[in-house]
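Q: Sending over structure-v3.txt (compact mmCIF, C-alpha atoms and all ligand atoms).
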```
# COMPACT_ATOMS: atom_id res chain seq x y z
CA MET A 12 20.44 83.46 118.19
CA ALA A 13 24.14 83.89 117.99
CA PHE A 14 24.03 86.33 115.07
CA PHE A 15 23.08 89.29 117.23
CA ARG A 16 24.51 91.36 120.00
CA PHE A 17 22.90 93.79 122.38
CA SER A 18 23.48 97.37 121.39
CA ARG A 19 22.07 100.86 121.35
CA PRO A 20 20.69 101.59 117.90
CA ALA A 21 22.52 104.10 115.78
CA GLY A 22 21.00 107.45 114.80
CA ASN A 23 19.20 110.15 116.70
CA SER A 24 15.96 108.47 117.51
CA PRO A 25 13.65 110.87 119.31
CA CYS A 26 12.17 107.83 120.98
CA SER A 27 13.24 107.81 124.56
CA VAL A 28 12.04 104.21 124.63
CA TYR A 29 15.61 103.28 123.79
CA ASP A 30 16.86 104.98 126.91
CA GLY A 31 15.05 102.38 128.94
CA LEU A 32 15.22 99.56 126.47
CA CYS A 33 18.63 99.84 124.89
CA CYS A 34 19.59 96.65 126.66
CA LEU A 35 16.74 94.86 124.93
CA VAL A 36 17.28 96.14 121.43
CA TYR A 37 20.00 94.62 119.40
CA THR A 38 21.45 94.93 115.95
CA PRO A 39 23.32 92.50 113.70
CA VAL A 40 26.86 91.87 114.90
CA LEU A 41 28.52 91.80 111.55
CA SER A 42 28.43 94.75 109.27
CA ASP A 43 28.67 92.82 105.98
CA ALA A 44 28.43 89.12 106.59
CA VAL A 45 25.43 87.48 108.19
CA PRO A 46 26.27 83.96 109.37
CA VAL A 47 24.58 81.33 107.23
CA ILE A 48 24.13 77.62 107.79
CA ILE A 49 25.88 76.41 104.66
CA ASP A 50 29.27 78.07 104.38
CA LYS A 51 32.69 76.93 103.22
CA THR A 52 33.26 74.90 106.39
CA HIS A 53 30.77 72.44 104.87
CA ARG A 54 33.13 71.66 101.97
CA THR A 55 34.74 68.60 103.59
CA TRP A 56 31.34 67.21 104.58
CA ALA A 57 30.03 67.81 101.06
CA ILE A 58 33.02 66.10 99.42
CA LEU A 59 32.91 63.12 101.79
CA SER A 60 29.16 62.76 101.25
CA ILE A 61 29.59 62.79 97.46
CA VAL A 62 32.37 60.17 97.73
CA ALA A 63 30.15 58.06 100.03
CA LEU A 64 27.27 58.43 97.57
CA ALA A 65 29.50 57.26 94.70
CA VAL A 66 30.68 54.26 96.73
CA LEU A 67 27.09 53.35 97.73
CA ALA A 68 25.88 53.75 94.13
CA GLY A 69 28.77 51.53 92.92
CA LEU A 70 27.93 48.86 95.52
CA TYR A 71 24.24 49.06 94.58
CA GLY A 72 25.12 48.64 90.86
CA TRP A 73 27.24 45.60 91.66
CA TYR A 74 24.50 44.18 93.92
CA CYS A 75 21.90 44.56 91.11
CA MET A 76 24.21 42.76 88.67
CA VAL A 77 24.88 39.77 90.92
CA SER A 78 21.26 39.35 92.13
CA PRO A 79 19.28 37.23 89.63
CA ASP A 80 15.94 38.25 91.29
CA GLY A 81 16.90 41.93 91.45
CA PRO A 82 17.55 43.95 94.62
CA ARG A 83 15.42 43.05 97.67
CA GLY A 84 15.29 44.65 101.11
CA GLY A 85 15.57 41.26 102.81
CA SER A 86 18.75 40.14 100.99
CA LEU A 87 22.09 40.54 102.75
CA PRO A 88 23.19 43.63 100.76
CA GLY A 89 19.59 44.99 101.00
CA LEU A 90 19.68 44.59 104.78
CA ALA A 91 23.09 46.25 104.95
CA PHE A 92 21.71 49.29 103.09
CA GLY A 93 18.68 49.28 105.42
CA ILE A 94 20.83 49.18 108.56
CA LEU A 95 22.97 52.02 107.19
CA ALA A 96 19.87 54.12 106.36
CA ALA A 97 18.42 53.52 109.84
CA ALA A 98 21.73 54.41 111.51
CA LEU A 99 21.94 57.66 109.52
CA MET A 100 18.34 58.55 110.48
CA VAL A 101 18.99 57.81 114.15
CA PHE A 102 22.10 59.97 113.97
CA ALA A 103 19.97 62.77 112.46
CA GLY A 104 17.48 62.44 115.33
CA LEU A 105 20.31 62.64 117.88
CA LEU A 106 20.70 66.34 117.00
CA ALA A 107 17.70 67.01 119.26
CA ALA A 108 19.38 65.16 122.16
CA ARG A 109 22.63 67.06 121.52
CA LYS A 110 20.75 70.38 121.65
CA LYS A 111 19.14 69.42 124.94
CA MET A 112 22.58 68.60 126.38
CA PRO A 113 24.76 71.54 125.35
CA ARG A 114 27.38 70.51 127.93
CA TRP A 115 28.09 67.18 126.26
CA ARG A 116 31.67 67.08 125.16
CA LEU A 117 30.72 65.10 122.06
CA GLY A 118 31.52 67.51 119.23
CA THR A 119 30.45 71.11 118.76
CA ALA A 120 26.88 72.14 117.93
CA SER A 121 28.06 73.13 114.44
CA TRP A 122 29.66 69.70 113.86
CA TRP A 123 26.37 68.04 114.83
CA LEU A 124 24.37 70.27 112.52
CA LYS A 125 26.72 69.56 109.60
CA GLY A 126 26.51 65.84 110.31
CA HIS A 127 22.74 66.14 110.61
CA ILE A 128 22.39 67.77 107.21
CA TRP A 129 24.86 65.72 105.18
CA LEU A 130 24.30 62.29 106.74
CA SER A 131 20.52 62.60 106.65
CA LEU A 132 20.78 63.54 102.95
CA LEU A 133 22.92 60.43 102.47
CA SER A 134 20.21 58.36 104.15
CA LEU A 135 18.01 58.96 101.09
CA PRO A 136 20.09 56.92 98.59
CA ALA A 137 20.77 54.34 101.33
CA THR A 138 16.99 53.97 101.84
CA LEU A 139 16.28 53.73 98.09
CA PHE A 140 19.06 51.12 97.67
CA HIS A 141 17.58 49.19 100.60
CA THR A 142 14.11 49.08 99.06
CA GLY A 143 15.34 48.66 95.46
CA PHE A 144 13.21 51.74 94.63
CA ARG A 145 10.01 49.83 95.60
CA PHE A 146 7.93 50.79 98.60
CA GLY A 147 5.95 47.60 99.30
CA GLY A 148 2.73 47.56 101.33
CA PRO A 149 0.91 50.29 103.27
CA LEU A 150 3.49 50.43 106.09
CA GLY A 151 6.40 50.72 103.64
CA GLN A 152 4.58 53.37 101.60
CA GLY A 153 3.54 55.29 104.72
CA LEU A 154 7.12 55.17 105.95
CA MET A 155 8.40 56.51 102.64
CA TRP A 156 5.87 59.38 102.63
CA VAL A 157 6.73 60.37 106.19
CA TYR A 158 10.40 60.14 105.32
CA LEU A 159 9.91 62.38 102.27
CA VAL A 160 8.07 64.99 104.37
CA VAL A 161 10.96 64.99 106.87
CA MET A 162 13.52 65.40 104.09
CA VAL A 163 11.57 68.10 102.23
CA SER A 164 10.81 70.03 105.44
CA GLY A 165 14.49 69.76 106.41
CA VAL A 166 15.63 71.16 103.06
CA VAL A 167 12.98 73.93 103.17
CA GLY A 168 14.01 74.80 106.75
CA LEU A 169 17.63 74.86 105.74
CA LEU A 170 16.85 77.30 102.92
CA ILE A 171 14.83 79.47 105.32
CA GLN A 172 17.65 79.52 107.87
CA GLN A 173 20.12 80.24 105.08
CA TYR A 174 18.27 83.24 103.61
CA VAL A 175 15.91 84.73 106.23
CA PRO A 176 18.68 86.12 108.49
CA ARG A 177 20.15 87.88 105.43
CA LEU A 178 16.72 89.23 104.51
CA MET A 179 16.30 90.48 108.07
CA LYS A 180 19.64 92.24 107.90
CA VAL A 181 18.80 93.93 104.61
CA THR A 182 15.25 94.95 105.40
CA LEU A 183 15.35 95.53 109.14
CA PRO A 184 18.12 97.78 110.37
CA GLU A 185 17.11 97.37 114.00
CA GLN A 186 16.27 94.04 115.51
CA ALA A 187 14.88 92.92 118.81
CA ILE A 188 14.98 89.57 120.53
CA PHE A 189 11.94 87.51 119.64
CA GLU A 190 10.89 87.02 123.27
CA GLN A 191 11.34 90.73 124.05
CA LEU A 192 9.09 92.00 121.25
CA PRO A 193 6.09 92.61 123.60
CA VAL A 194 8.29 94.64 125.98
CA VAL A 195 9.80 96.67 123.15
CA THR A 196 6.31 97.27 121.71
CA ARG A 197 5.03 98.47 125.08
CA GLY A 198 8.01 100.82 125.34
CA LEU A 199 7.23 102.26 121.89
CA ARG A 200 3.59 102.79 122.87
CA GLU A 201 4.56 104.59 126.09
CA THR A 202 6.94 106.84 124.15
CA ALA A 203 4.22 107.78 121.66
CA ASP A 204 1.75 108.33 124.54
CA ASP A 205 4.21 110.78 126.11
CA HIS A 206 4.65 112.72 122.86
CA VAL A 207 0.91 113.05 122.32
CA ALA A 208 0.17 113.87 125.95
CA GLY A 209 3.00 116.44 125.79
CA VAL A 210 1.13 118.56 123.26
CA CYS A 211 -2.45 117.65 124.14
CA GLY A 212 -2.15 117.94 127.92
CA SER A 213 -3.57 114.47 128.37
CA LEU A 214 -4.24 111.47 126.17
CA PHE A 215 -7.91 111.50 127.00
CA ALA A 216 -10.08 114.54 126.39
CA ASP A 217 -11.46 116.61 129.24
CA PRO A 218 -15.23 116.84 128.36
CA GLU A 219 -15.24 120.59 129.12
CA GLU A 220 -12.25 121.22 126.92
CA GLU A 221 -13.53 118.93 124.13
CA GLY A 222 -16.14 121.35 122.80
CA ALA A 223 -14.25 124.54 123.70
CA GLU A 224 -12.99 126.88 121.03
CA GLY A 225 -9.25 126.74 120.19
CA PHE A 226 -8.90 123.06 121.10
CA GLU A 227 -9.60 121.68 117.61
CA PRO A 228 -5.93 120.67 116.86
CA GLN A 229 -5.68 118.71 120.13
CA ARG A 230 -8.98 116.99 119.33
CA ILE A 231 -7.72 115.99 115.85
CA LEU A 232 -4.38 114.67 117.12
CA ARG A 233 -5.92 112.80 120.05
CA SER A 234 -8.63 111.29 117.87
CA PHE A 235 -6.09 110.14 115.25
CA TYR A 236 -3.78 108.79 117.91
CA LEU A 237 -6.42 106.86 119.85
CA LYS A 238 -8.28 105.52 116.82
CA THR A 239 -5.42 104.77 114.42
CA ALA A 240 -1.89 105.02 115.82
CA ARG A 241 -2.29 103.62 119.35
CA PRO A 242 -4.10 100.42 118.27
CA PHE A 243 -1.21 99.89 115.84
CA LEU A 244 1.17 100.04 118.81
CA ALA A 245 -0.79 97.37 120.71
CA GLU A 246 0.69 93.88 120.97
CA ALA A 247 -1.93 92.48 118.59
CA VAL A 248 -1.92 94.62 115.46
CA PRO A 249 -5.40 95.31 114.07
CA GLU A 250 -5.87 93.77 110.66
CA GLY A 251 -6.21 96.25 107.83
CA SER A 252 -4.54 99.18 109.62
CA PRO A 253 -3.41 101.81 107.07
CA LEU A 254 -0.17 102.09 109.07
CA LEU A 255 0.88 98.58 108.05
CA ASN A 256 1.77 99.87 104.61
CA PRO A 257 4.69 102.37 104.62
CA THR A 258 3.36 104.43 101.70
CA GLN A 259 -0.17 104.59 103.11
CA SER A 260 1.24 105.43 106.52
CA GLN A 261 3.31 108.28 105.06
CA GLY A 262 0.16 109.65 103.40
CA VAL A 263 -1.84 109.45 106.64
CA PHE A 264 0.84 111.33 108.59
CA ALA A 265 1.27 113.92 105.83
CA GLN A 266 -2.49 114.60 105.92
CA LEU A 267 -2.43 114.86 109.70
CA GLY A 268 0.52 117.27 109.56
CA GLU A 269 -1.39 119.55 107.19
CA ALA A 270 -4.34 119.73 109.58
CA LEU A 271 -2.23 120.71 112.61
CA PRO A 272 -0.32 123.87 113.62
CA GLU A 273 3.47 123.91 113.38
CA GLN A 274 4.10 123.58 117.12
CA MET A 275 2.48 120.13 117.05
CA LEU A 276 4.52 118.78 114.14
CA THR A 277 7.48 117.59 116.24
CA ALA A 278 5.14 115.34 118.21
CA VAL A 279 3.53 114.07 114.99
CA GLN A 280 6.98 113.25 113.53
CA ALA A 281 7.95 111.44 116.74
CA VAL A 282 4.75 109.35 116.61
CA GLU A 283 5.41 108.61 112.93
CA GLN A 284 8.90 107.39 113.79
CA VAL A 285 7.54 105.15 116.56
CA VAL A 286 4.98 103.76 114.08
CA ASP A 287 7.80 103.06 111.57
CA GLU A 288 9.72 101.18 114.25
CA ARG A 289 6.62 99.21 115.19
CA ARG A 290 6.20 98.27 111.50
CA GLN A 291 9.78 96.98 111.50
CA LEU A 292 9.05 94.89 114.58
CA ILE A 293 5.98 93.41 112.86
CA SER A 294 8.06 92.46 109.80
CA GLN A 295 10.67 91.01 112.08
CA LEU A 296 8.08 88.95 113.93
CA LYS A 297 6.86 87.52 110.62
CA LEU A 298 10.41 86.61 109.55
CA GLN A 299 11.17 85.15 112.97
CA ARG A 300 8.07 82.98 112.65
CA TRP A 301 9.38 81.65 109.34
CA LEU A 302 12.78 81.11 110.89
CA HIS A 303 11.43 78.83 113.61
CA GLY A 304 7.98 77.80 112.31
CA TRP A 305 9.17 75.08 109.90
CA LEU A 306 10.47 73.03 112.86
CA VAL A 307 6.80 72.59 113.86
CA VAL A 308 6.54 70.25 110.85
CA HIS A 309 10.07 68.86 110.77
CA VAL A 310 10.40 67.73 114.41
CA PRO A 311 7.06 65.90 115.00
CA ILE A 312 7.24 64.21 111.59
CA SER A 313 10.81 63.09 112.26
CA ILE A 314 9.62 61.57 115.55
CA ALA A 315 6.83 59.79 113.60
CA LEU A 316 9.50 58.59 111.15
CA LEU A 317 11.60 57.07 113.91
CA VAL A 318 8.51 55.38 115.46
CA LEU A 319 7.36 54.02 112.06
CA GLY A 320 10.94 52.95 111.30
CA VAL A 321 11.09 50.89 114.51
CA THR A 322 7.66 49.37 113.64
CA HIS A 323 8.97 48.50 110.18
CA ILE A 324 12.06 46.80 111.63
CA VAL A 325 10.03 44.84 114.22
CA THR A 326 7.48 43.63 111.64
CA ALA A 327 10.26 42.73 109.19
CA VAL A 328 12.15 40.71 111.80
CA TYR A 329 9.20 38.95 113.50
CA PHE A 330 6.59 38.52 110.73
C1 LIG B 401 16.13 61.32 108.66
C2 LIG B 401 15.94 62.54 108.45
C3 LIG B 401 15.88 63.62 109.51
C4 LIG B 401 15.55 63.56 110.84
C5 LIG B 401 15.14 62.35 111.67
C6 LIG B 401 15.63 64.91 111.38
C7 LIG B 401 15.37 65.30 112.67
C8 LIG B 401 15.52 66.57 113.17
C9 LIG B 401 15.20 66.99 114.51
C10 LIG B 401 14.64 66.08 115.59
C11 LIG B 401 15.50 68.31 114.61
C12 LIG B 401 15.28 69.23 115.81
C13 LIG B 401 16.49 69.44 116.61
C14 LIG B 401 16.07 70.41 117.71
O1 LIG B 401 15.99 71.60 117.42
O2 LIG B 401 15.79 69.95 118.80
C15 LIG B 401 16.01 68.75 113.35
C16 LIG B 401 16.45 70.03 113.07
C17 LIG B 401 16.95 70.42 111.86
N1 LIG B 401 17.02 69.67 110.72
FE1 LIG B 401 16.51 67.74 110.53
N2 LIG B 401 16.04 65.75 110.36
C18 LIG B 401 16.20 64.99 109.21
C19 LIG B 401 16.57 65.44 107.98
C20 LIG B 401 16.98 66.73 107.69
C21 LIG B 401 17.41 67.17 106.39
C22 LIG B 401 17.42 66.32 105.13
C23 LIG B 401 17.78 68.48 106.54
C24 LIG B 401 18.32 69.42 105.51
C25 LIG B 401 19.01 69.07 104.46
C26 LIG B 401 17.58 68.84 107.91
C27 LIG B 401 17.83 70.09 108.44
C28 LIG B 401 17.59 70.44 109.74
C29 LIG B 401 17.92 71.73 110.28
C30 LIG B 401 18.53 72.93 109.51
C31 LIG B 401 17.50 71.74 111.62
C32 LIG B 401 17.54 72.91 112.59
C33 LIG B 401 18.75 72.84 113.43
C34 LIG B 401 18.86 74.07 114.31
O3 LIG B 401 18.11 75.01 114.16
O4 LIG B 401 19.73 74.03 115.15
N3 LIG B 401 17.07 67.77 108.57
N4 LIG B 401 15.99 67.67 112.48
```
Give the structure from the file, written as structure tokens.

A:
Amino acid sequence: MAFFRFSRPAGNSPCSVYDGLCCLVYTPVLSDAVPVIIDKTHRTWAILSIVALAVLAGLYGWYCMVSPDGPRGGSLPGLAFGILAAALMVFAGLLAARKKMPRWRLGTASWWLKGHIWLSLLSLPATLFHTGFRFGGPLGQGLMWVYLVVMVSGVVGLLIQQYVPRLMKVTLPEQAIFEQLPVVTRGLRETADDHVAGVCGSLFADPEEEGAEGFEPQRILRSFYLKTARPFLAEAVPEGSPLLNPTQSQGVFAQLGEALPEQMLTAVQAVEQVVDERRQLISQLKLQRWLHGWLVVHVPISIALLVLGVTHIVTAVYF
């Protein structure tokens, strides 16, 4: 996404993972402001949409007054509202085509997104004025339900895209590209492996050494690392790991520190820092899923809407 730039994270991380991965790790570009979808550049669109809504409502009021049988979708004004609603929905759907063709010289991506949001919102009153607030038979009702799901998912997605990037900036000081999360995770795991192997000689116990006197601290660290910390640094995080919770994790590391001699504490602190970073990546993954996940509802349902809309038009014209 455009909100981020590649950079080396600030601070003195003992994790040499960043030496190899600094090109993959990135932080928010802007120190204070995180770009949001709705900003003041939407003002003109908002004002024009409100004016258009007022004009449409006025026309609908006049149309109700002059129609003795009340508003009907098949009347001339009803059809005009229907054609307008369909055109606005088709325009909304064209956003997908615009995104697939970034080289089109037909307006900027931001212009299309603004148009998408405001004109598709305007399609709601146009649709209601077309139907006269009645939804007819099963096809009409189905169409309205699908339409409502598209609108609601669009508004929910907009709110997510408006607030999640801010939340990510506040809660996650360091951020990685979604696609690079597995690589960054592997780098963290290798860094922690090195720290543990550095004080234990090897990650895996030598059977002779295992029972020997004087090797108890290595056994404790290795056992903790292999049973608790390393699985947490795997790509799939084990459910119920105590390291998922920052307070619990702090407690676990404090307990481990007490059981080990001083010369091992630097390695323990380094592993704890890697675990903290992994926890941040997990939170980030969850937020990223929210950021993109809503489109899984919005896009297929909007395709269904366009298909049902065409069916509605064909049945209305031919039957
Ligand atoms: C007739 C109604 C609508 C249709 C047919 C429609 C269709 C679509 C489609 C096909 C996309 C995917 C574009 C892509 O990523 O390829 C999309 C994205 C989106 N829609 Fe809608 N939509 C409608 C209404 C709305 C409404 C009411 C809102 C919010 C008020 C909204 C907000 C969004 C947003 C924020 C995106 C994501 C754009 C991005 O991430 O670049 N949509 N819509």

Q: Can you check which parts of chain A lie within 9 Å of ligand LIG 401 (chain B)? Per residue, the shortest pair of atoms and distance in Å to one decimal, counting all atoms listed in the file, sorted by chain and number, as CSV.

A:
```
residue,atom,partner,partner_atom,distance
A:Ile48,CA,B:LIG401,C30,7.5
A:Ala96,CA,B:LIG401,C1,8.4
A:Ala97,CA,B:LIG401,C1,8.2
A:Leu99,CA,B:LIG401,C1,6.9
A:Met100,CA,B:LIG401,C1,4.0
A:Val101,CA,B:LIG401,C5,6.4
A:Phe102,CA,B:LIG401,C5,7.7
A:Ala103,CA,B:LIG401,C4,4.8
A:Gly104,CA,B:LIG401,C5,4.3
A:Leu105,CA,B:LIG401,C10,7.0
A:Leu106,CA,B:LIG401,C13,5.2
A:Ala107,CA,B:LIG401,O2,3.5
A:Ala108,CA,B:LIG401,O2,6.9
A:Arg109,CA,B:LIG401,O2,7.9
A:Lys110,CA,B:LIG401,O2,5.7
A:Lys111,CA,B:LIG401,O2,7.0
A:Ala120,CA,B:LIG401,O4,7.9
A:Ser121,CA,B:LIG401,O4,8.4
A:Trp123,CA,B:LIG401,O4,8.9
A:Leu124,CA,B:LIG401,C33,6.2
A:Lys125,CA,B:LIG401,C30,8.9
A:His127,CA,B:LIG401,N3,6.2
A:Ile128,CA,B:LIG401,C25,4.5
A:Trp129,CA,B:LIG401,C25,6.8
A:Leu130,CA,B:LIG401,C22,8.1
A:Ser131,CA,B:LIG401,C2,4.9
A:Leu132,CA,B:LIG401,C22,4.9
A:Leu133,CA,B:LIG401,C22,8.5
A:Ser134,CA,B:LIG401,C1,6.8
A:Leu135,CA,B:LIG401,C1,8.1
A:Tyr158,CA,B:LIG401,C1,6.7
A:Leu159,CA,B:LIG401,C2,8.6
A:Val161,CA,B:LIG401,C19,5.7
A:Met162,CA,B:LIG401,C22,4.1
A:Val163,CA,B:LIG401,C22,6.8
A:Ser164,CA,B:LIG401,C23,7.2
A:Gly165,CA,B:LIG401,C23,3.5
A:Val166,CA,B:LIG401,C24,4.0
A:Val167,CA,B:LIG401,C24,7.4
A:Gly168,CA,B:LIG401,C30,5.6
A:Leu169,CA,B:LIG401,C30,4.3
A:Leu170,CA,B:LIG401,C30,8.1
A:Ile171,CA,B:LIG401,C30,8.6
A:Gln172,CA,B:LIG401,C30,6.8
A:Gln173,CA,B:LIG401,C30,8.7
A:Leu302,CA,B:LIG401,O3,8.7
A:His303,CA,B:LIG401,O3,7.7
A:Leu306,CA,B:LIG401,C16,6.7
A:His309,CA,B:LIG401,N4,6.3
A:Val310,CA,B:LIG401,C10,4.7
A:Pro311,CA,B:LIG401,C10,7.6
A:Ile312,CA,B:LIG401,C5,8.1
A:Ser313,CA,B:LIG401,C5,4.4
A:Ile314,CA,B:LIG401,C10,6.7
A:Ala315,CA,B:LIG401,C5,8.9
A:Leu316,CA,B:LIG401,C5,6.8
A:Leu317,CA,B:LIG401,C5,6.7
```

Q: Please dump the current selection as a compact mmCIF listing (two decimals), in the frame of the given file; keep C-alpha atoms.

A:
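Contents of the output file part04.txt:
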```
# COMPACT_ATOMS: atom_id res chain seq x y z
CA ILE A 48 24.13 77.62 107.79
CA ALA A 96 19.87 54.12 106.36
CA ALA A 97 18.42 53.52 109.84
CA LEU A 99 21.94 57.66 109.52
CA MET A 100 18.34 58.55 110.48
CA VAL A 101 18.99 57.81 114.15
CA PHE A 102 22.10 59.97 113.97
CA ALA A 103 19.97 62.77 112.46
CA GLY A 104 17.48 62.44 115.33
CA LEU A 105 20.31 62.64 117.88
CA LEU A 106 20.70 66.34 117.00
CA ALA A 107 17.70 67.01 119.26
CA ALA A 108 19.38 65.16 122.16
CA ARG A 109 22.63 67.06 121.52
CA LYS A 110 20.75 70.38 121.65
CA LYS A 111 19.14 69.42 124.94
CA ALA A 120 26.88 72.14 117.93
CA SER A 121 28.06 73.13 114.44
CA TRP A 123 26.37 68.04 114.83
CA LEU A 124 24.37 70.27 112.52
CA LYS A 125 26.72 69.56 109.60
CA HIS A 127 22.74 66.14 110.61
CA ILE A 128 22.39 67.77 107.21
CA TRP A 129 24.86 65.72 105.18
CA LEU A 130 24.30 62.29 106.74
CA SER A 131 20.52 62.60 106.65
CA LEU A 132 20.78 63.54 102.95
CA LEU A 133 22.92 60.43 102.47
CA SER A 134 20.21 58.36 104.15
CA LEU A 135 18.01 58.96 101.09
CA TYR A 158 10.40 60.14 105.32
CA LEU A 159 9.91 62.38 102.27
CA VAL A 161 10.96 64.99 106.87
CA MET A 162 13.52 65.40 104.09
CA VAL A 163 11.57 68.10 102.23
CA SER A 164 10.81 70.03 105.44
CA GLY A 165 14.49 69.76 106.41
CA VAL A 166 15.63 71.16 103.06
CA VAL A 167 12.98 73.93 103.17
CA GLY A 168 14.01 74.80 106.75
CA LEU A 169 17.63 74.86 105.74
CA LEU A 170 16.85 77.30 102.92
CA ILE A 171 14.83 79.47 105.32
CA GLN A 172 17.65 79.52 107.87
CA GLN A 173 20.12 80.24 105.08
CA LEU A 302 12.78 81.11 110.89
CA HIS A 303 11.43 78.83 113.61
CA LEU A 306 10.47 73.03 112.86
CA HIS A 309 10.07 68.86 110.77
CA VAL A 310 10.40 67.73 114.41
CA PRO A 311 7.06 65.90 115.00
CA ILE A 312 7.24 64.21 111.59
CA SER A 313 10.81 63.09 112.26
CA ILE A 314 9.62 61.57 115.55
CA ALA A 315 6.83 59.79 113.60
CA LEU A 316 9.50 58.59 111.15
CA LEU A 317 11.60 57.07 113.91
```

Q: Could you give me, as an NGL selection string, the residues within 12 Å of stretch 76-91 of chain A, counting only C-alpha atoms and dropping anything in the same chain fewer than 2 positions from it?

A: :A and (67 or 69-74 or 93-98 or 137-147 or 151 or 323-324 or 327-328)

Q: Name the closest residue to A:Leu232 among the candidates A:Thr258, A:Gln291, A:Thr52, A:Ser213; distances are taken between atoms, counting only C-alpha atoms.

A: A:Ser213

Q: Can you tell me which residues surround A:Phe243 at a distance of at most 8 Å, considering all atoms listed in the file, apart from same-chain residues fewer than 3 positions away, and format the answer as a VMD selection string?

A: chain A and resid 239 to 240 247 to 249 252 254 286 289

Q: Between atom CA of A:Leu199 and atom CA of A:Gln299, what is the distance in Å, rounded to a tenth?

A: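 About the pair atom CA of A:Leu199 and atom CA of A:Gln299: they are 19.7 Å apart.
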
Q: Go through A:Cys211, A:Leu292, A:Ile49, A:Ala68 and flag the residue nearest A:Arg230, using all atoms listed in the file for the distances.

A: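 So, comparing all the options, the nearest one is A:Cys211.
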
Q: What's around stretch 204-208 of chain A at 8 Å? Count only C-alpha atoms, leave out sequence neighbours fewer than 6 positions away in its own chain, and write the answer as number ranges by chain.

A: A: 214, 232-233, 236, 278-279, 281-282

Q: Counting only C-alpha atoms, which of A:Pro149, A:Val195, A:Met275, A:Pro136 gets nearest to A:Ala63?

A: A:Pro136

Q: Which residue is closest to A:Leu237? Choose from A:Arg177, A:Met112, A:Pro272, A:Arg200 and count only C-alpha atoms.

A: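 That would be A:Arg200, the residue with the smallest distance to A:Leu237.
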
Q: Suppose you want the space between atom CA of A:Val308 and atom CA of A:Leu117; what is it in Å?

A: 27.1 Å
